[in-house]
file entry-v6.cif (mmCIF, C-alpha atoms)
data_coords
loop_
_atom_site.label_atom_id
_atom_site.label_comp_id
_atom_site.auth_asym_id
_atom_site.auth_seq_id
_atom_site.Cartn_x
_atom_site.Cartn_y
_atom_site.Cartn_z
CA MET A 1 18.23 -72.69 304.26
CA THR A 2 22.00 -72.80 304.85
CA ARG A 3 21.53 -75.85 307.06
CA LEU A 4 19.47 -77.57 304.34
CA SER A 5 22.07 -76.91 301.66
CA SER A 6 24.83 -78.12 303.98
CA ILE A 7 22.98 -81.45 304.14
CA ILE A 8 21.99 -81.66 300.45
CA VAL A 9 25.42 -80.85 298.98
CA PRO A 10 27.34 -83.69 300.69
CA VAL A 11 24.49 -86.13 299.93
CA VAL A 12 24.52 -85.20 296.22
CA PHE A 13 28.31 -85.44 296.20
CA LEU A 14 28.16 -88.87 297.86
CA LEU A 15 25.54 -90.16 295.40
CA ASN A 16 27.58 -88.87 292.49
CA GLY A 17 30.62 -90.62 293.90
CA LEU A 18 28.72 -93.88 294.00
CA THR A 19 27.76 -93.79 290.32
CA ALA A 20 30.76 -92.11 288.65
CA GLN A 21 34.09 -93.84 288.21
CA ILE A 22 36.98 -91.62 289.26
CA ILE A 23 39.82 -93.80 290.57
CA ILE A 24 40.91 -96.88 288.62
CA PRO A 25 43.81 -99.33 288.65
CA GLU A 26 46.38 -98.62 285.93
CA TRP A 27 45.74 -101.99 284.26
CA PHE A 28 42.01 -101.26 283.97
CA GLU A 29 42.74 -98.25 281.75
CA LYS A 30 45.47 -99.98 279.76
CA LEU A 31 45.89 -103.77 279.67
CA PRO A 32 49.56 -104.64 280.29
CA ASP A 33 51.45 -106.85 277.82
CA SER A 34 51.21 -110.44 278.98
CA PRO A 35 54.13 -112.88 279.00
CA SER A 36 54.31 -115.11 275.93
CA GLY A 37 51.79 -117.94 276.10
CA PHE A 38 49.59 -116.19 278.69
CA CYS A 39 46.60 -113.85 278.44
CA TYR A 40 45.36 -111.20 280.86
CA SER A 41 41.77 -110.23 281.44
CA VAL A 42 40.10 -107.62 283.65
CA GLY A 43 36.99 -108.05 285.81
CA TYR A 44 35.12 -105.47 287.87
CA SER A 45 32.15 -105.14 290.18
CA GLY A 46 30.42 -102.40 292.16
CA LYS A 47 30.72 -101.88 295.87
CA TYR A 48 29.31 -104.71 297.98
CA GLN A 49 29.00 -104.80 301.76
CA ASN A 50 30.39 -108.29 301.58
CA GLN A 51 33.84 -107.94 300.01
CA SER A 52 34.17 -111.59 299.09
CA LEU A 53 30.95 -111.30 297.09
CA ALA A 54 32.40 -108.30 295.23
CA ARG A 55 35.51 -110.33 294.45
CA GLN A 56 33.39 -113.25 293.29
CA VAL A 57 31.38 -111.06 290.89
CA ALA A 58 34.52 -109.34 289.55
CA THR A 59 36.30 -112.67 289.05
CA SER A 60 33.29 -114.13 287.26
CA ARG A 61 33.30 -111.11 284.90
CA ALA A 62 37.07 -111.48 284.33
CA LEU A 63 36.56 -115.14 283.42
CA SER A 64 33.78 -114.42 280.94
CA ASN A 65 35.92 -111.60 279.46
CA MET A 66 38.74 -114.11 279.08
CA ALA A 67 36.39 -116.53 277.28
CA LYS A 68 35.31 -113.72 274.92
CA GLN A 69 38.96 -112.87 274.26
CA HIS A 70 39.61 -116.48 273.32
CA SER A 71 36.74 -116.83 270.86
CA VAL A 72 33.43 -115.07 270.37
CA ARG A 73 30.73 -115.26 267.73
CA LEU A 74 29.22 -111.92 266.72
CA ILE A 75 26.05 -111.55 264.71
CA PHE A 76 25.19 -108.01 263.73
CA GLU A 77 22.53 -106.55 261.50
CA ILE A 78 21.31 -103.05 260.87
CA GLU A 79 18.42 -102.11 258.60
CA GLU A 80 17.32 -98.63 257.69
CA PHE A 81 14.13 -97.81 255.81
CA ALA A 82 13.39 -94.27 254.70
CA ASP A 83 10.78 -93.04 252.26
CA GLY A 84 10.78 -89.29 252.80
CA ARG A 85 7.99 -89.37 255.37
CA PHE A 86 9.44 -91.70 257.98
CA ARG A 87 12.74 -93.30 258.79
CA LEU A 88 13.15 -96.60 260.62
CA LEU A 89 16.44 -97.84 262.02
CA ASN A 90 16.74 -101.30 263.45
CA PRO A 91 20.09 -102.56 264.69
CA SER A 92 20.55 -105.96 266.35
CA PHE A 93 23.55 -107.41 268.17
CA GLU A 94 24.09 -111.01 269.24
CA LEU A 95 27.21 -112.15 271.07
CA SER A 96 27.91 -115.71 272.18
CA TYR A 97 30.86 -117.76 273.34
CA ASP A 98 31.51 -121.41 274.03
CA GLU A 99 30.56 -122.50 277.55
CA SER A 100 33.23 -125.25 277.50
CA VAL A 101 35.94 -122.60 276.94
CA LEU A 102 34.71 -120.76 280.03
CA LEU A 103 34.87 -123.98 282.06
CA ASP A 104 38.45 -124.64 280.87
CA ILE A 105 39.48 -121.10 281.83
CA THR A 106 37.75 -121.37 285.22
CA ALA A 107 39.82 -124.47 285.95
CA ASN A 108 43.11 -122.88 284.89
CA TYR A 109 43.64 -119.23 285.89
CA THR A 110 45.55 -117.14 288.44
CA PRO A 111 44.51 -113.82 289.99
CA ILE A 112 47.43 -111.45 289.33
CA ASP A 113 46.32 -108.23 291.01
CA SER A 114 43.23 -106.70 292.57
CA SER A 115 42.18 -103.27 293.75
CA ILE A 116 39.38 -101.74 295.82
CA THR A 117 38.40 -98.14 295.17
CA ASN A 118 35.50 -95.98 296.37
CA GLU A 119 33.53 -97.11 293.32
CA GLY A 120 34.20 -100.80 293.07
CA TYR A 121 36.33 -103.91 293.04
CA TYR A 122 38.76 -104.72 290.21
CA ILE A 123 40.67 -107.88 289.42
CA LEU A 124 43.28 -108.84 286.84
CA ILE A 125 43.64 -112.53 286.03
CA ALA A 126 46.02 -114.57 283.87
CA CYS A 127 45.25 -117.72 281.91
CA PRO A 128 46.63 -120.38 281.82
CA SER A 129 47.59 -120.52 285.48
CA ILE A 130 50.88 -118.72 286.16
CA GLU A 131 53.39 -119.70 288.86
CA TRP A 132 55.27 -116.39 289.22
CA ARG A 133 53.93 -112.84 289.56
CA PRO A 134 54.73 -110.66 286.55
CA GLN A 135 56.01 -107.12 287.22
CA PHE A 136 54.01 -104.16 285.93
CA PRO A 137 52.66 -100.87 287.32
CA SER A 138 49.70 -101.58 289.59
CA ASN A 139 48.90 -98.15 291.04
CA ASP A 140 45.42 -96.69 291.33
CA LYS A 141 45.07 -93.48 289.36
CA THR A 142 42.67 -91.00 287.78
CA TRP A 143 41.82 -91.01 284.07
CA GLU A 144 44.43 -89.72 281.63
CA LYS A 145 43.75 -87.01 279.02
CA GLN A 146 41.63 -87.98 276.02
CA PRO A 147 43.60 -90.53 273.96
CA LYS A 148 43.88 -90.07 270.19
CA TRP A 149 42.20 -93.41 269.44
CA THR A 150 38.84 -92.06 270.68
CA LYS A 151 38.69 -89.89 267.56
CA ALA A 152 40.70 -91.79 264.95
CA LEU A 153 41.23 -95.53 264.61
CA PRO A 154 44.90 -96.48 265.25
CA ASN A 155 46.68 -97.38 262.04
CA SER A 156 48.81 -100.51 262.23
CA ARG A 157 50.08 -103.09 259.75
CA HIS A 158 50.03 -105.80 262.40
CA TYR A 159 46.83 -105.11 264.30
CA ILE A 160 43.24 -104.28 263.52
CA TYR A 161 41.12 -102.24 265.95
CA GLY A 162 37.52 -101.48 266.90
CA ILE A 163 36.08 -98.81 269.16
CA GLY A 164 33.04 -99.09 271.45
CA ILE A 165 31.26 -95.94 272.65
CA VAL A 166 28.37 -95.68 275.10
CA SER A 167 26.88 -92.81 277.05
CA ASN A 168 24.34 -91.88 279.71
CA TYR A 169 24.46 -95.08 281.75
CA SER A 170 23.42 -94.95 285.39
CA SER A 171 25.82 -97.81 286.19
CA TRP A 172 29.49 -97.68 285.13
CA ILE A 173 29.64 -101.48 285.32
CA ARG A 174 26.91 -101.91 282.72
CA ALA A 175 28.47 -99.12 280.65
CA TRP A 176 31.87 -100.82 280.45
CA LYS A 177 30.28 -104.18 279.66
CA ASP A 178 28.43 -102.65 276.70
CA ALA A 179 31.37 -100.46 275.57
CA ASP A 180 33.62 -103.56 275.52
CA GLU A 181 31.07 -105.56 273.53
CA TYR A 182 30.43 -102.75 271.03
CA ALA A 183 34.21 -102.46 270.55
CA ARG A 184 34.29 -106.15 269.59
CA PHE A 185 31.38 -105.65 267.16
CA ASP A 186 33.15 -102.63 265.69
CA LEU A 187 36.28 -104.73 265.15
CA GLY A 188 34.24 -107.50 263.53
CA LYS A 189 32.55 -105.01 261.17
CA ASN A 190 35.94 -103.56 260.25
CA ILE A 191 37.11 -107.03 259.23
CA GLU A 192 34.09 -108.09 257.19
CA ILE A 193 30.61 -106.74 256.57
CA GLU A 194 27.95 -107.37 253.96
CA ALA A 195 26.31 -104.28 252.50
CA GLU A 196 23.16 -104.13 250.40
CA SER A 197 21.04 -101.12 249.58
CA ILE A 198 18.46 -99.74 247.20
CA HIS A 199 18.24 -95.98 246.69
CA ALA A 200 15.62 -94.08 244.74
CA VAL A 201 15.30 -90.33 244.30
CA GLN A 202 12.06 -88.72 243.15
CA ARG A 203 12.25 -85.05 242.15
CA ASP A 204 9.64 -82.52 241.12
CA ASP A 205 9.79 -78.73 240.85
CA ARG A 206 9.62 -78.20 244.59
CA PHE A 207 10.65 -81.34 246.43
CA THR A 208 13.15 -84.16 246.34
CA ILE A 209 12.06 -87.37 248.04
CA GLU A 210 14.78 -89.86 248.75
CA SER A 211 13.77 -93.42 249.51
CA LYS A 212 16.19 -96.07 250.60
CA ILE A 213 16.43 -99.51 252.04
CA LEU A 214 19.80 -100.24 253.56
CA ARG A 215 20.98 -103.45 255.16
CA LEU A 216 24.38 -104.22 256.60
CA SER A 217 25.15 -107.47 258.36
CA CYS A 218 27.98 -109.61 259.62
CA ASP A 219 28.32 -113.02 261.22
CA ILE A 220 31.88 -113.54 262.33
CA VAL A 221 33.90 -115.54 264.86
CA LEU A 222 36.61 -113.41 266.47
CA LYS A 223 39.56 -115.23 268.01
CA GLN A 224 42.17 -113.61 270.25
CA SER A 225 40.56 -110.16 270.43
CA PHE A 226 41.50 -108.03 273.45
CA ILE A 227 40.11 -104.92 275.11
CA VAL A 228 43.46 -103.14 275.36
CA GLU A 229 42.43 -99.65 276.46
CA ARG A 230 39.54 -97.86 278.10
CA TRP A 231 38.84 -94.18 278.60
CA TYR A 232 36.07 -92.39 280.44
CA ASP A 233 35.11 -88.85 279.44
CA GLN A 234 33.99 -87.55 282.84
CA LYS A 235 32.84 -84.19 281.47
CA ASN A 236 30.42 -85.68 278.93
CA ASP A 237 29.82 -89.06 280.62
CA ILE A 238 31.04 -91.12 277.66
CA TYR A 239 32.74 -94.52 277.92
CA TYR A 240 35.23 -95.63 275.26
CA SER A 241 36.75 -99.11 274.79
CA LEU A 242 39.45 -100.08 272.30
CA CYS A 243 39.49 -103.66 271.04
CA CYS A 244 42.52 -105.06 269.23
CA LYS A 245 43.28 -108.20 267.23
CA GLU A 246 46.32 -109.34 265.31
CA ARG A 247 45.79 -109.25 261.55
CA ARG A 248 45.29 -112.68 260.02
CA ASP A 249 47.85 -111.94 257.28
CA ASN A 250 50.37 -110.76 259.85
CA PRO A 251 53.66 -112.57 259.07
CA HIS A 252 54.81 -112.43 262.72
CA MET B 1 -11.96 -56.61 274.99
CA LYS B 2 -11.32 -56.78 271.25
CA LYS B 3 -7.61 -56.40 271.95
CA LEU B 4 -7.76 -59.31 274.38
CA ILE B 5 -9.49 -61.54 271.84
CA LEU B 6 -6.92 -60.53 269.22
CA ILE B 7 -4.06 -61.38 271.56
CA ALA B 8 -5.73 -64.66 272.53
CA LEU B 9 -5.93 -65.58 268.83
CA LEU B 10 -2.47 -64.36 267.90
CA VAL B 11 -0.50 -65.95 270.73
CA PRO B 12 -1.37 -69.59 269.88
CA LEU B 13 -0.82 -68.79 266.19
CA ALA B 14 2.63 -67.37 266.93
CA LEU B 15 3.49 -70.39 269.09
CA MET B 16 2.36 -72.71 266.29
CA LEU B 17 4.55 -70.90 263.78
CA VAL B 18 7.58 -70.98 266.10
CA ASN B 19 7.03 -74.69 266.64
CA CYS B 20 6.69 -75.42 262.91
CA GLY B 21 9.76 -73.41 261.99
CA GLY B 22 11.87 -74.81 264.82
CA GLY B 23 12.18 -78.48 263.92
CA LYS B 24 15.42 -80.28 264.73
CA PRO B 25 18.36 -78.11 265.77
CA LYS B 26 20.83 -77.63 262.94
CA ALA B 27 24.51 -78.50 263.27
CA LYS B 28 26.77 -75.47 263.59
CA MET B 29 29.10 -75.25 260.62
CA GLN B 30 32.20 -75.01 262.82
CA ASP B 31 31.15 -78.27 264.54
CA ILE B 32 31.09 -80.29 261.32
CA PRO B 33 34.38 -82.16 260.85
CA GLU B 34 36.44 -81.03 257.87
CA TRP B 35 36.80 -84.66 256.67
CA TYR B 36 32.98 -84.95 256.51
CA LEU B 37 32.64 -81.96 254.17
CA ASN B 38 35.73 -82.87 252.14
CA PRO B 39 36.53 -86.59 252.51
CA PRO B 40 40.21 -87.38 251.89
CA MET B 41 41.28 -88.49 248.42
CA ALA B 42 43.89 -91.18 247.84
CA GLU B 43 45.09 -93.26 244.92
CA ASP B 44 44.98 -96.49 246.86
CA ALA B 45 41.76 -96.06 248.87
CA ILE B 46 38.17 -94.89 248.70
CA TYR B 47 36.82 -92.62 251.45
CA GLU B 48 33.17 -91.88 252.17
CA ALA B 49 31.53 -90.09 255.07
CA GLY B 50 28.22 -90.73 256.82
CA ASP B 51 26.30 -88.99 259.57
CA ALA B 52 23.22 -89.44 261.73
CA ALA B 53 21.49 -87.45 264.47
CA LYS B 54 19.68 -89.54 267.09
CA GLN B 55 18.65 -89.28 270.70
CA SER B 56 20.79 -92.30 271.58
CA MET B 57 24.54 -92.01 271.07
CA GLY B 58 24.86 -95.71 270.26
CA LEU B 59 22.16 -95.51 267.59
CA ALA B 60 23.68 -92.35 266.08
CA LYS B 61 27.06 -94.09 265.84
CA GLU B 62 25.62 -97.25 264.26
CA ALA B 63 23.57 -95.28 261.72
CA ALA B 64 26.49 -93.02 260.76
CA ASP B 65 28.80 -96.03 260.34
CA ALA B 66 26.20 -97.87 258.24
CA ARG B 67 25.63 -94.87 255.96
CA ALA B 68 29.37 -94.35 255.45
CA ARG B 69 29.85 -98.03 254.56
CA ASP B 70 26.81 -97.99 252.27
CA ALA B 71 28.29 -94.98 250.47
CA ILE B 72 31.49 -97.00 249.99
CA ALA B 73 29.50 -99.91 248.54
CA ARG B 74 27.74 -97.59 246.07
CA THR B 75 31.03 -95.94 245.04
CA ILE B 76 32.49 -99.39 244.44
CA GLU B 77 29.61 -100.31 242.14
CA VAL B 78 30.25 -97.24 239.99
CA LYS B 79 34.03 -97.76 240.04
CA VAL B 80 33.88 -101.44 239.02
CA SER B 81 31.21 -100.74 236.41
CA ASN B 82 33.33 -97.99 234.83
CA MET B 83 36.40 -100.20 234.91
CA LEU B 84 34.63 -103.06 233.12
CA LYS B 85 32.86 -100.77 230.64
CA ASN B 86 36.21 -99.22 229.68
CA PHE B 87 37.65 -102.66 229.09
CA MET B 88 34.64 -103.78 227.05
CA GLN B 89 34.72 -100.66 224.93
CA GLU B 90 38.44 -101.01 224.29
CA SER B 91 37.75 -104.57 223.20
CA GLY B 92 35.06 -103.34 220.81
CA ILE B 93 32.10 -105.04 222.48
CA GLY B 94 30.98 -102.25 224.81
CA GLU B 95 27.44 -101.92 223.36
CA ASP B 96 26.53 -105.63 223.23
CA ALA B 97 23.57 -106.50 225.45
CA GLU B 98 25.47 -109.43 226.96
CA ALA B 99 28.50 -107.26 227.66
CA LEU B 100 26.33 -104.69 229.43
CA GLU B 101 24.65 -107.43 231.42
CA PHE B 102 28.03 -108.84 232.43
CA THR B 103 29.35 -105.42 233.49
CA SER B 104 26.26 -104.62 235.49
CA SER B 105 26.11 -108.06 237.06
CA VAL B 106 29.76 -108.07 238.22
CA SER B 107 29.68 -104.50 239.55
CA LYS B 108 26.40 -105.05 241.41
CA GLN B 109 27.68 -108.28 242.93
CA VAL B 110 30.96 -106.71 244.04
CA ALA B 111 29.09 -103.81 245.61
CA ASN B 112 26.51 -106.03 247.26
CA THR B 113 28.84 -108.67 248.62
CA VAL B 114 31.11 -108.62 251.60
CA LEU B 115 33.23 -105.55 252.25
CA ARG B 116 36.50 -106.87 253.65
CA GLY B 117 38.62 -104.35 255.54
CA CYS B 118 36.19 -101.44 255.23
CA LEU B 119 37.36 -99.46 258.27
CA ILE B 120 35.69 -96.61 260.10
CA THR B 121 38.87 -94.60 260.51
CA LYS B 122 37.46 -91.41 262.02
CA ARG B 123 34.48 -90.59 264.17
CA GLU B 124 33.19 -87.47 265.86
CA MET B 125 30.26 -87.07 268.17
CA LYS B 126 28.57 -83.69 268.62
CA THR B 127 25.53 -82.67 270.62
CA GLU B 128 22.69 -80.68 269.04
CA GLY B 129 20.09 -79.90 271.66
CA ALA B 130 18.89 -83.26 272.93
CA LEU B 131 20.36 -85.10 269.93
CA TYR B 132 23.71 -86.77 269.37
CA HIS B 133 25.09 -86.13 265.90
CA ALA B 134 27.62 -88.77 264.85
CA TYR B 135 29.99 -88.34 261.89
CA SER B 136 31.87 -91.37 260.53
CA LEU B 137 34.53 -91.71 257.86
CA ALA B 138 34.86 -95.09 256.12
CA GLU B 139 37.99 -96.19 254.25
CA TYR B 140 38.20 -99.05 251.76
CA ASN B 141 41.47 -100.22 250.34
CA LEU B 142 41.57 -100.58 246.54
CA ASN B 143 43.50 -103.84 246.77
CA SER B 144 40.47 -105.42 248.45
CA LEU B 145 38.28 -104.07 245.65
CA ILE B 146 40.52 -105.53 242.95
CA GLN B 147 40.46 -108.94 244.61
CA GLU B 148 36.68 -108.88 244.99
CA SER B 149 36.25 -107.79 241.33
CA LEU B 150 38.48 -110.63 240.13
CA ASN B 151 36.66 -113.20 242.24
CA GLU B 152 33.27 -112.02 240.99
CA ALA B 153 34.40 -111.81 237.36
CA ARG B 154 35.61 -115.42 237.61
CA LYS B 155 32.21 -116.44 238.97
CA GLN B 156 30.48 -114.69 236.07
CA LYS B 157 32.78 -116.27 233.46
CA ALA B 158 29.93 -118.00 231.64
CA LEU B 159 28.14 -114.71 231.16
CA TYR B 160 31.35 -113.13 229.91
CA ASN B 161 31.88 -115.92 227.39
CA GLU B 162 28.41 -115.28 226.03
CA ALA B 163 29.37 -111.63 225.65
CA LYS B 164 32.39 -112.35 223.55
CA ALA B 165 33.60 -115.81 222.72
CA ASN B 166 36.77 -114.75 220.93
CA LEU B 167 38.23 -112.68 223.79
CA SER B 168 40.18 -114.62 226.36
CA PHE B 169 39.16 -114.29 229.97
CA ASP B 170 42.84 -113.74 230.79
CA ASP B 171 42.65 -110.34 229.04
CA LEU B 172 39.98 -109.22 231.47
CA GLU B 173 41.92 -110.50 234.48
CA LYS B 174 45.04 -108.66 233.25
CA GLU B 175 43.03 -105.48 232.84
CA ILE B 176 41.67 -105.70 236.37
CA GLN B 177 45.12 -106.54 237.74
CA LYS B 178 46.56 -103.41 236.10
CA LEU B 179 44.83 -101.53 238.89
CA GLU B 180 46.98 -103.33 241.41
CA ALA B 181 49.91 -101.14 240.42
CA VAL B 182 47.85 -98.20 241.66
CA GLY B 183 47.05 -99.91 244.93
CA GLN B 184 50.71 -100.60 245.80
#
call {"tool": "encode", "arguments": {"input": "entry-v6.cif", "output": "structure tokens"}}
result
Amino acid sequence: MTRLSSIIVPVVFLLNGLTAQIIIPEWFEKLPDSPSGFCYSVGYSGKYQNQSLARQVATSRALSNMAKQHSVRLIFEIEEFADGRFRLLNPSFELSYDESVLLDITANYTPIDSSITNEGYYILIACPSIEWRPQFPSNDKTWEKQPKWTKALPNSRHYIYGIGIVSNYSSWIRAWKDADEYARFDLGKNIEIEAESIHAVQRDDRFTIESKILRLSCDIVLKQSFIVERWYDQKNDIYYSLCCKERRDNPH
Amino acid sequence: MKKLILIALLVPLALMLVNCGGGKPKAKMQDIPEWYLNPPMAEDAIYEAGDAAKQSMGLAKEAADARARDAIARTIEVKVSNMLKNFMQESGIGEDAEALEFTSSVSKQVANTVLRGCLITKREMKTEGALYHAYSLAEYNLNSLIQESLNEARKQKALYNEAKANLSFDDLEKEIQKLEAVGQ
């Protein structure tokens, strides 16, 4: 029995280590400020036996993230029907970006830093191509304590924010991809959303039946939106992404 | 034997009753955010809270956000309607059918059009058994509301003119703009 547990425990620990994300580069958690005229973007991939393949996948993700930062069209709709007996909720998300922008970025970028951890491969790129290497902290680290923005939206006169939250993903790569996209949708909805609803309440001596049809939708093009921070709640397995965009009416 | 039959009948009945009474787990009072029970009040903004309990965290968040924003839209409708009704009554035309139609039309349109800058400023996620319970707080700045009301009132100018030909539309705009002092 002792022998069996001595085999099972390390195996479980190893499997857990493969799926959870414990060590990360500093710039994955918090995107550094880029020099004027340049943009940074982060890419990541899981562990591959072939390291160059891991780099290729991470770079490809960094490039598509850069294209989304540049300009992305978001179409969101949520409908809720409730009539006292049943409740239907139907959200839909559609994200698209211009393929030609991606091609331009692919032809004009520089890898700035990269990191290999037990869980995966990470890369930070700059666009347009940069001749010199900017200085910023590039250490690998564990996750910080829970940031305030995970509970309350940061309040700024110059920037507008959105938060993406996902949970219970078997792959941290898929989780971050979705958390980042939901953060962009959240930002878009904070800027502009169309709301329509019909409510009806029917009361008798014993019961109240509330019926409603609710529809919220938005179709928006977001330009220059950045995933500036990420945080992983290891205890509850929740992934948070913070998306930021300069306000349109910002005088600076 | 009789006892056995009695037990065999009572046990399923008891299980049925437990199952019926159980239902979804209820949120513990200490887990409910204070801002959900008592949304903040401000002179320059409207706050409304929404919540949803779902098996998926993402779905719970989306539903809670949508309900909070919908509550904002409905509050806006009442606010704009009251604002216009006050103005109409002060102008002595509050009971005219056309005036009522104008008031209702503008307030419904403002509430059912685009909410610009309606932010989800606070969110909390709790677990209740197998469910995620999301709480969201939406904030809408009154300046945005004033602008939307003005835009819609301008669109409905023809209807307003039917309501009262001898009142200038500028009076209505001034009345709506008075609110801007509150928003600043």
call {"tool": "resolve_selection", "arguments": {"input": "entry-v6.cif", "expression": "the PyMOL selection byres ((chain B) within 10 of (chain A))", "output": "ChimeraX atom specification"}}
result
/B:56-63,65-67,69-74,108-125,136-140
call {"tool": "atom_distance", "arguments": {"input": "entry-v6.cif", "atom1": "CA of Ala58 in chain A", "atom2": "CA of Lys177 in chain A"}}
result
11.9 Å
call {"tool": "atom_distance", "arguments": {"input": "entry-v6.cif", "atom1": "CA of Ser34 in chain A", "atom2": "CA of Asp180 in chain A"}}
result
19.2 Å
call {"tool": "atom_distance", "arguments": {"input": "entry-v6.cif", "atom1": "CA of Ile125 in chain A", "atom2": "CA of Pro111 in chain A"}}
result
4.3 Å
call {"tool": "residues_near_point", "arguments": {"input": "entry-v6.cif", "point": "(45.9, -102.1, 280.4)", "cutoff": "9 Å", "atoms": "all atoms listed in the file", "output": "mmCIF file with C-alpha atoms, in the coordinates of the input"}}
result
data_model
loop_
_atom_site.group_PDB
_atom_site.id
_atom_site.type_symbol
_atom_site.label_atom_id
_atom_site.label_comp_id
_atom_site.auth_asym_id
_atom_site.auth_seq_id
_atom_site.Cartn_x
_atom_site.Cartn_y
_atom_site.Cartn_z
ATOM 1 C CA PRO A 25 43.810 -99.330 288.650
ATOM 2 C CA GLU A 26 46.380 -98.620 285.930
ATOM 3 C CA TRP A 27 45.740 -101.990 284.260
ATOM 4 C CA PHE A 28 42.010 -101.260 283.970
ATOM 5 C CA GLU A 29 42.740 -98.250 281.750
ATOM 6 C CA LYS A 30 45.470 -99.980 279.760
ATOM 7 C CA LEU A 31 45.890 -103.770 279.670
ATOM 8 C CA PRO A 32 49.560 -104.640 280.290
ATOM 9 C CA ASP A 33 51.450 -106.850 277.820
ATOM 10 C CA VAL A 42 40.100 -107.620 283.650
ATOM 11 C CA ILE A 227 40.110 -104.920 275.110
ATOM 12 C CA VAL A 228 43.460 -103.140 275.360
ATOM 13 C CA GLU A 229 42.430 -99.650 276.460
ATOM 14 C CA ARG A 230 39.540 -97.860 278.100
#
call {"tool": "residues_around", "arguments": {"input": "entry-v6.cif", "residues": "range 35-40 of chain B", "least_positions_apart": "3", "cutoff": "9 Å", "atoms": "all atoms listed in the file", "output": "list in words"}}
result
Ile32, Ile46, Tyr47, Glu48, Ala49, Gly50, Asp51, Lys122, Tyr135, Ser136 and Leu137 of chain B
call {"tool": "resolve_selection", "arguments": {"input": "entry-v6.cif", "expression": "the PyMOL selection byres ((chain A and resi 97-109) around 10)", "output": "PyMOL selection string"}}
result
chain A and resi 38-40+59-60+62-74+95-96+110-112+125-130+221-222
call {"tool": "build_atoms", "arguments": {"input": "entry-v6.cif", "residues": "range 43-57 of chain B", "atoms": "N, CA and C atoms", "output": "PDB file, in the frame of the given file"}}
result
ATOM      1  N   GLU B  43      45.029 -92.396 246.105  1.00  0.00           N
ATOM      2  CA  GLU B  43      45.090 -93.260 244.920  1.00  0.00           C
ATOM      3  C   GLU B  43      44.783 -94.707 245.270  1.00  0.00           C
ATOM      4  N   ASP B  44      45.106 -95.079 246.500  1.00  0.00           N
ATOM      5  CA  ASP B  44      44.980 -96.490 246.860  1.00  0.00           C
ATOM      6  C   ASP B  44      43.786 -96.788 247.764  1.00  0.00           C
ATOM      7  N   ALA B  45      42.907 -95.815 247.973  1.00  0.00           N
ATOM      8  CA  ALA B  45      41.760 -96.060 248.870  1.00  0.00           C
ATOM      9  C   ALA B  45      40.571 -95.191 248.498  1.00  0.00           C
ATOM     10  N   ILE B  46      39.386 -95.674 248.895  1.00  0.00           N
ATOM     11  CA  ILE B  46      38.170 -94.890 248.700  1.00  0.00           C
ATOM     12  C   ILE B  46      37.732 -94.404 250.083  1.00  0.00           C
ATOM     13  N   TYR B  47      37.323 -93.161 250.188  1.00  0.00           N
ATOM     14  CA  TYR B  47      36.820 -92.620 251.450  1.00  0.00           C
ATOM     15  C   TYR B  47      35.396 -92.116 251.248  1.00  0.00           C
ATOM     16  N   GLU B  48      34.526 -92.423 252.199  1.00  0.00           N
ATOM     17  CA  GLU B  48      33.170 -91.880 252.170  1.00  0.00           C
ATOM     18  C   GLU B  48      32.739 -91.553 253.597  1.00  0.00           C
ATOM     19  N   ALA B  49      31.963 -90.503 253.734  1.00  0.00           N
ATOM     20  CA  ALA B  49      31.530 -90.090 255.070  1.00  0.00           C
ATOM     21  C   ALA B  49      30.032 -90.344 255.249  1.00  0.00           C
ATOM     22  N   GLY B  50      29.630 -90.545 256.487  1.00  0.00           N
ATOM     23  CA  GLY B  50      28.220 -90.730 256.820  1.00  0.00           C
ATOM     24  C   GLY B  50      27.907 -90.004 258.115  1.00  0.00           C
ATOM     25  N   ASP B  51      26.665 -89.632 258.307  1.00  0.00           N
ATOM     26  CA  ASP B  51      26.300 -88.990 259.570  1.00  0.00           C
ATOM     27  C   ASP B  51      24.884 -89.353 259.965  1.00  0.00           C
ATOM     28  N   ALA B  52      24.576 -89.183 261.234  1.00  0.00           N
ATOM     29  CA  ALA B  52      23.220 -89.440 261.730  1.00  0.00           C
ATOM     30  C   ALA B  52      23.016 -88.692 263.031  1.00  0.00           C
ATOM     31  N   ALA B  53      21.830 -88.129 263.209  1.00  0.00           N
ATOM     32  CA  ALA B  53      21.490 -87.450 264.470  1.00  0.00           C
ATOM     33  C   ALA B  53      20.382 -88.240 265.150  1.00  0.00           C
ATOM     34  N   LYS B  54      20.658 -88.716 266.343  1.00  0.00           N
ATOM     35  CA  LYS B  54      19.680 -89.540 267.090  1.00  0.00           C
ATOM     36  C   LYS B  54      19.701 -89.157 268.561  1.00  0.00           C
ATOM     37  N   GLN B  55      18.679 -89.569 269.269  1.00  0.00           N
ATOM     38  CA  GLN B  55      18.650 -89.280 270.700  1.00  0.00           C
ATOM     39  C   GLN B  55      19.603 -90.188 271.478  1.00  0.00           C
ATOM     40  N   SER B  56      19.858 -91.386 270.928  1.00  0.00           N
ATOM     41  CA  SER B  56      20.790 -92.300 271.580  1.00  0.00           C
ATOM     42  C   SER B  56      22.138 -92.216 270.872  1.00  0.00           C
ATOM     43  N   MET B  57      23.214 -92.107 271.671  1.00  0.00           N
ATOM     44  CA  MET B  57      24.540 -92.010 271.070  1.00  0.00           C
ATOM     45  C   MET B  57      24.902 -93.282 270.303  1.00  0.00           C
TER      46      MET B  57
END
